[in-house]
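Quick notes on the structure that follows.
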Amino acid sequence: MTKSQGQGMSGSTAGETAAGAVGGRFRELYGAEPQGVWAAPGRVNLIGEHTDYNDGFVMPFALPHTAVAAVSRRDDGVLRLHSADVAAPVVEVAVDSLAPGTDKNWTAYPAGVVWALREAGYAVSGADIHLASAVPAGAGLSSSAALEVVVALALNDLYALGLDGRQLALLCRRAENVYVGAPVGIMDQTASACCESGHALFLDTRDLSQRQIPFDLAAEGMRLLVVDTRVKHSHSEGEYGKRRAGCEKGAALLGVDALRDVPHADLDAALERLGDEEEVRRLVRHVVTEDARVDRVVTLLEAGDTRAIGPVLTAGHASLRDDFRVSCPELDLVVDTAVAAGALGARMTGGGFGGSAIVLAEETDVDAVTEAVENAFAAAGLKTPRVFGAVPSAGARRVR
């Protein structure tokens, strides 16, 4: 393993160290021990991109990288927030004053969770919170969902709300959709809240039914690498909204509730019905074929034919690049270079326009693939990408 592949990995010892550090800093900030420490992971999406807000299928798994929160409840209507990752003092706000659109800073994510819980009728009367995250921000690995879920889980425990992972995920999505104002689907929050170690999560985003699919690459002599390109193009948010609106237009034109209702076998006929709506045709084609790719990966994994998912991943990238048009030169460079260097498959992961790609490779090919990608970035005059192994890890949990 090269140094870059090992960076950011964390096991139980690292998790205990992080919990201790966050708890110690909480004590310095607030003058008392926290009532507990919780962790929630970022995620990698193995397959199923831009399908979640189309009521489709996704297949994420949790990373070992987590957001960690030391938290104590308050009963005086005050919410105090601090992050080890932001150079700013403690932010204090009255919970009664929380309202969508009033916060454009990082604090909108944890505050939005408090707002969503209270709006849903849960008597959350305040908290002291200190956060630290090892999930790379801007890398398409759901750092914001990890922040939301870790706060939601902590408050669920401290206020004895009795909510399960699915309910917490729904509340966190509402916080991000309404309070933060980001039109995300349900995948990221569900992955952070519900994933299990050694498994990928097959999620139907319409009814939120879940199946844990065994995904142990090490046992089969393979590795999944995450390649963080370290770039994020500024037009991503507006373009995301345009594509979501285009998908909704496609569903309306086809007379279905969501694009997941268009059978793969009927895709050609559906595209014919869309006539000269070329942009909508491309979006529809991606979503319908991507749902089919998720189904194919599930079938292959359950049959024990893990290596065969490689070409499915690469086909998914081509669809995201050519039909959905959310890739970028840096992501394409990772995928093309990795496959040419012998990887089994590769694709962008996350919303696109930068962020990360994933690469499935034989263990014996990892160093050669990594070197090829790093050399390609150097030749293109790009910053060296961050490369690390992705191990399916546990979802949100109390750690202290």
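Lettering and numbering for the structure tokens are positional, with chains as A, B, ... in the shown order, residues counted from 1 in each chain, and ligands counted from 1 in the shown order.
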Among region 39-236 of chain A, which residues carry a DSSP assignment of helix (DSSP H, G or I), reported as a PyMOL selection string?
chain A and resi 52-54+95-97+108-119+143-158+165-180+187-194+218-220+236
Would you list the contacts of Leu168 (chain A) as a PDB file with C-alpha atoms, in the first residue's frame, taking every protein, DNA or RNA residue within 12 Å and counting only C-alpha atoms, but skipping same-chain residues closer than 3 positions in sequence?
ATOM      1  CA  ALA A  40     -21.656   8.780  11.620  1.00  0.00           C
ATOM      2  CA  VAL A 113     -31.609  18.731  12.270  1.00  0.00           C
ATOM      3  CA  VAL A 114     -32.790  20.386  15.485  1.00  0.00           C
ATOM      4  CA  ALA A 116     -36.577  19.260  11.651  1.00  0.00           C
ATOM      5  CA  LEU A 117     -36.990  17.321  14.892  1.00  0.00           C
ATOM      6  CA  ALA A 120     -41.928  16.974  13.536  1.00  0.00           C
ATOM      7  CA  ALA A 145     -25.083  13.883   5.605  1.00  0.00           C
ATOM      8  CA  ALA A 146     -22.575  12.567   8.157  1.00  0.00           C
ATOM      9  CA  GLU A 148     -26.659  15.660  10.044  1.00  0.00           C
ATOM     10  CA  VAL A 149     -26.937  12.011  10.995  1.00  0.00           C
ATOM     11  CA  VAL A 150     -24.457  12.156  13.876  1.00  0.00           C
ATOM     12  CA  VAL A 151     -26.378  15.049  15.432  1.00  0.00           C
ATOM     13  CA  ALA A 152     -29.725  13.360  14.846  1.00  0.00           C
ATOM     14  CA  LEU A 153     -28.545  10.117  16.455  1.00  0.00           C
ATOM     15  CA  ALA A 154     -27.127  11.940  19.464  1.00  0.00           C
ATOM     16  CA  LEU A 155     -30.354  13.864  20.040  1.00  0.00           C
ATOM     17  CA  ASN A 156     -32.401  10.714  19.472  1.00  0.00           C
ATOM     18  CA  ASP A 157     -30.481   9.033  22.290  1.00  0.00           C
ATOM     19  CA  LEU A 161     -37.046   9.760  20.949  1.00  0.00           C
ATOM     20  CA  GLY A 162     -37.071   6.096  19.892  1.00  0.00           C
ATOM     21  CA  LEU A 163     -36.444   6.794  16.178  1.00  0.00           C
ATOM     22  CA  ASP A 164     -34.862   4.133  13.965  1.00  0.00           C
ATOM     23  CA  GLY A 165     -32.264   4.691  11.257  1.00  0.00           C
ATOM     24  CA  LEU A 171     -35.632  13.845   9.173  1.00  0.00           C
ATOM     25  CA  CYS A 172     -32.067  14.613   8.074  1.00  0.00           C
ATOM     26  CA  ARG A 173     -33.120  14.784   4.438  1.00  0.00           C
ATOM     27  CA  ARG A 174     -35.874  17.218   5.387  1.00  0.00           C
ATOM     28  CA  ALA A 175     -33.318  19.316   7.228  1.00  0.00           C
ATOM     29  CA  ILE A 186     -32.585  10.136   0.577  1.00  0.00           C
ATOM     30  CA  ASP A 188     -26.781   9.824   1.659  1.00  0.00           C
ATOM     31  CA  GLN A 189     -28.584  10.087   4.981  1.00  0.00           C
ATOM     32  CA  THR A 190     -29.824   6.487   4.786  1.00  0.00           C
ATOM     33  CA  ALA A 191     -26.344   5.183   4.037  1.00  0.00           C
ATOM     34  CA  SER A 192     -24.857   7.059   6.979  1.00  0.00           C
ATOM     35  CA  ALA A 193     -27.601   5.922   9.339  1.00  0.00           C
ATOM     36  CA  CYS A 194     -28.188   2.337   8.201  1.00  0.00           C
ATOM     37  CA  ALA A 396     -23.990   5.680  12.720  1.00  0.00           C
TER      38      ALA A 396
END
Å distance separating CA of Glu248 (chain A) from CA of Val287 (chain A), one decimal place
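Distance reported for this atom pair: 11.4 Å.
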I'd like the neighbourhood of region 201-212 of chain A as a PyMOL selection string, where a residue qualifies if any of its atoms comes within 10 Å (using only C-alpha atoms), though same-chain residues fewer than 2 positions away should be ignored.
chain A and resi 45-48+51-62+166+170+185-187+190-191+194-199+214-215+258+260+294-295+297-298+392
Can you pull out every residue from region 262-380 of chain A that DSSP, working from the backbone, puts in strand (DSSP E), and format the result as a list in words?
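Taking region 262-380 of chain A and keeping strand (DSSP E) gives Gly345, Ala346, Arg347, Met348, Thr349, Gly354, Gly355, Ser356, Ala357, Ile358, Val359, Leu360, Ala361 and Glu362 of chain A.
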Kindly export the residues of the current selection with N, CA, C and O atoms, as a PDB file, in the first residue's frame.
ATOM      1  N   GLY A 345     -12.785  -1.953 -13.270  1.00  0.00           N
ATOM      2  CA  GLY A 345     -13.828  -0.997 -13.606  1.00  0.00           C
ATOM      3  C   GLY A 345     -13.639   0.267 -12.797  1.00  0.00           C
ATOM      4  O   GLY A 345     -12.928   0.280 -11.792  1.00  0.00           O
ATOM      5  N   ALA A 346     -14.284   1.343 -13.235  1.00  0.00           N
ATOM      6  CA  ALA A 346     -14.165   2.617 -12.527  1.00  0.00           C
ATOM      7  C   ALA A 346     -15.313   3.514 -12.936  1.00  0.00           C
ATOM      8  O   ALA A 346     -15.852   3.397 -14.040  1.00  0.00           O
ATOM      9  N   ARG A 347     -15.675   4.426 -12.043  1.00  0.00           N
ATOM     10  CA  ARG A 347     -16.691   5.431 -12.367  1.00  0.00           C
ATOM     11  C   ARG A 347     -16.640   6.567 -11.359  1.00  0.00           C
ATOM     12  O   ARG A 347     -16.091   6.421 -10.267  1.00  0.00           O
ATOM     13  N   MET A 348     -17.197   7.706 -11.754  1.00  0.00           N
ATOM     14  CA  MET A 348     -17.382   8.792 -10.797  1.00  0.00           C
ATOM     15  C   MET A 348     -18.406   8.351  -9.764  1.00  0.00           C
ATOM     16  O   MET A 348     -19.266   7.515 -10.024  1.00  0.00           O
ATOM     17  N   THR A 349     -18.312   8.927  -8.557  1.00  0.00           N
ATOM     18  CA  THR A 349     -19.299   8.656  -7.521  1.00  0.00           C
ATOM     19  C   THR A 349     -19.714   9.986  -6.914  1.00  0.00           C
ATOM     20  O   THR A 349     -18.909  10.913  -6.824  1.00  0.00           O
ATOM     21  N   GLY A 354     -16.764  17.151 -10.356  1.00  0.00           N
ATOM     22  CA  GLY A 354     -15.633  17.126  -9.449  1.00  0.00           C
ATOM     23  C   GLY A 354     -15.868  16.065  -8.397  1.00  0.00           C
ATOM     24  O   GLY A 354     -16.712  15.193  -8.558  1.00  0.00           O
ATOM     25  N   GLY A 355     -15.109  16.144  -7.311  1.00  0.00           N
ATOM     26  CA  GLY A 355     -15.274  15.140  -6.268  1.00  0.00           C
ATOM     27  C   GLY A 355     -14.458  13.904  -6.557  1.00  0.00           C
ATOM     28  O   GLY A 355     -13.301  13.997  -6.978  1.00  0.00           O
ATOM     29  N   SER A 356     -15.055  12.737  -6.368  1.00  0.00           N
ATOM     30  CA  SER A 356     -14.302  11.486  -6.380  1.00  0.00           C
ATOM     31  C   SER A 356     -14.777  10.497  -7.434  1.00  0.00           C
ATOM     32  O   SER A 356     -15.922  10.541  -7.887  1.00  0.00           O
ATOM     33  N   ALA A 357     -13.858   9.596  -7.773  1.00  0.00           N
ATOM     34  CA  ALA A 357     -14.175   8.425  -8.584  1.00  0.00           C
ATOM     35  C   ALA A 357     -13.813   7.189  -7.768  1.00  0.00           C
ATOM     36  O   ALA A 357     -12.993   7.252  -6.846  1.00  0.00           O
ATOM     37  N   ILE A 358     -14.432   6.068  -8.096  1.00  0.00           N
ATOM     38  CA  ILE A 358     -14.060   4.805  -7.475  1.00  0.00           C
ATOM     39  C   ILE A 358     -13.441   3.900  -8.527  1.00  0.00           C
ATOM     40  O   ILE A 358     -13.784   3.970  -9.712  1.00  0.00           O
ATOM     41  N   VAL A 359     -12.509   3.060  -8.072  1.00  0.00           N
ATOM     42  CA  VAL A 359     -11.779   2.165  -8.962  1.00  0.00           C
ATOM     43  C   VAL A 359     -11.768   0.773  -8.339  1.00  0.00           C
ATOM     44  O   VAL A 359     -11.314   0.601  -7.206  1.00  0.00           O
ATOM     45  N   LEU A 360     -12.283  -0.213  -9.052  1.00  0.00           N
ATOM     46  CA  LEU A 360     -12.235  -1.609  -8.614  1.00  0.00           C
ATOM     47  C   LEU A 360     -11.031  -2.271  -9.274  1.00  0.00           C
ATOM     48  O   LEU A 360     -10.897  -2.250 -10.498  1.00  0.00           O
ATOM     49  N   ALA A 361     -10.149  -2.838  -8.456  1.00  0.00           N
ATOM     50  CA  ALA A 361      -8.919  -3.412  -9.000  1.00  0.00           C
ATOM     51  C   ALA A 361      -8.524  -4.664  -8.226  1.00  0.00           C
ATOM     52  O   ALA A 361      -8.888  -4.839  -7.056  1.00  0.00           O
ATOM     53  N   GLU A 362      -7.791  -5.516  -8.912  1.00  0.00           N
ATOM     54  CA  GLU A 362      -7.160  -6.629  -8.216  1.00  0.00           C
ATOM     55  C   GLU A 362      -6.164  -6.069  -7.205  1.00  0.00           C
ATOM     56  O   GLU A 362      -5.506  -5.052  -7.458  1.00  0.00           O
TER      57      GLU A 362
END
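Distance-wise, CA of Val280 (chain A) and CA of Cys247 (chain A) end up 6.8 Å apart.
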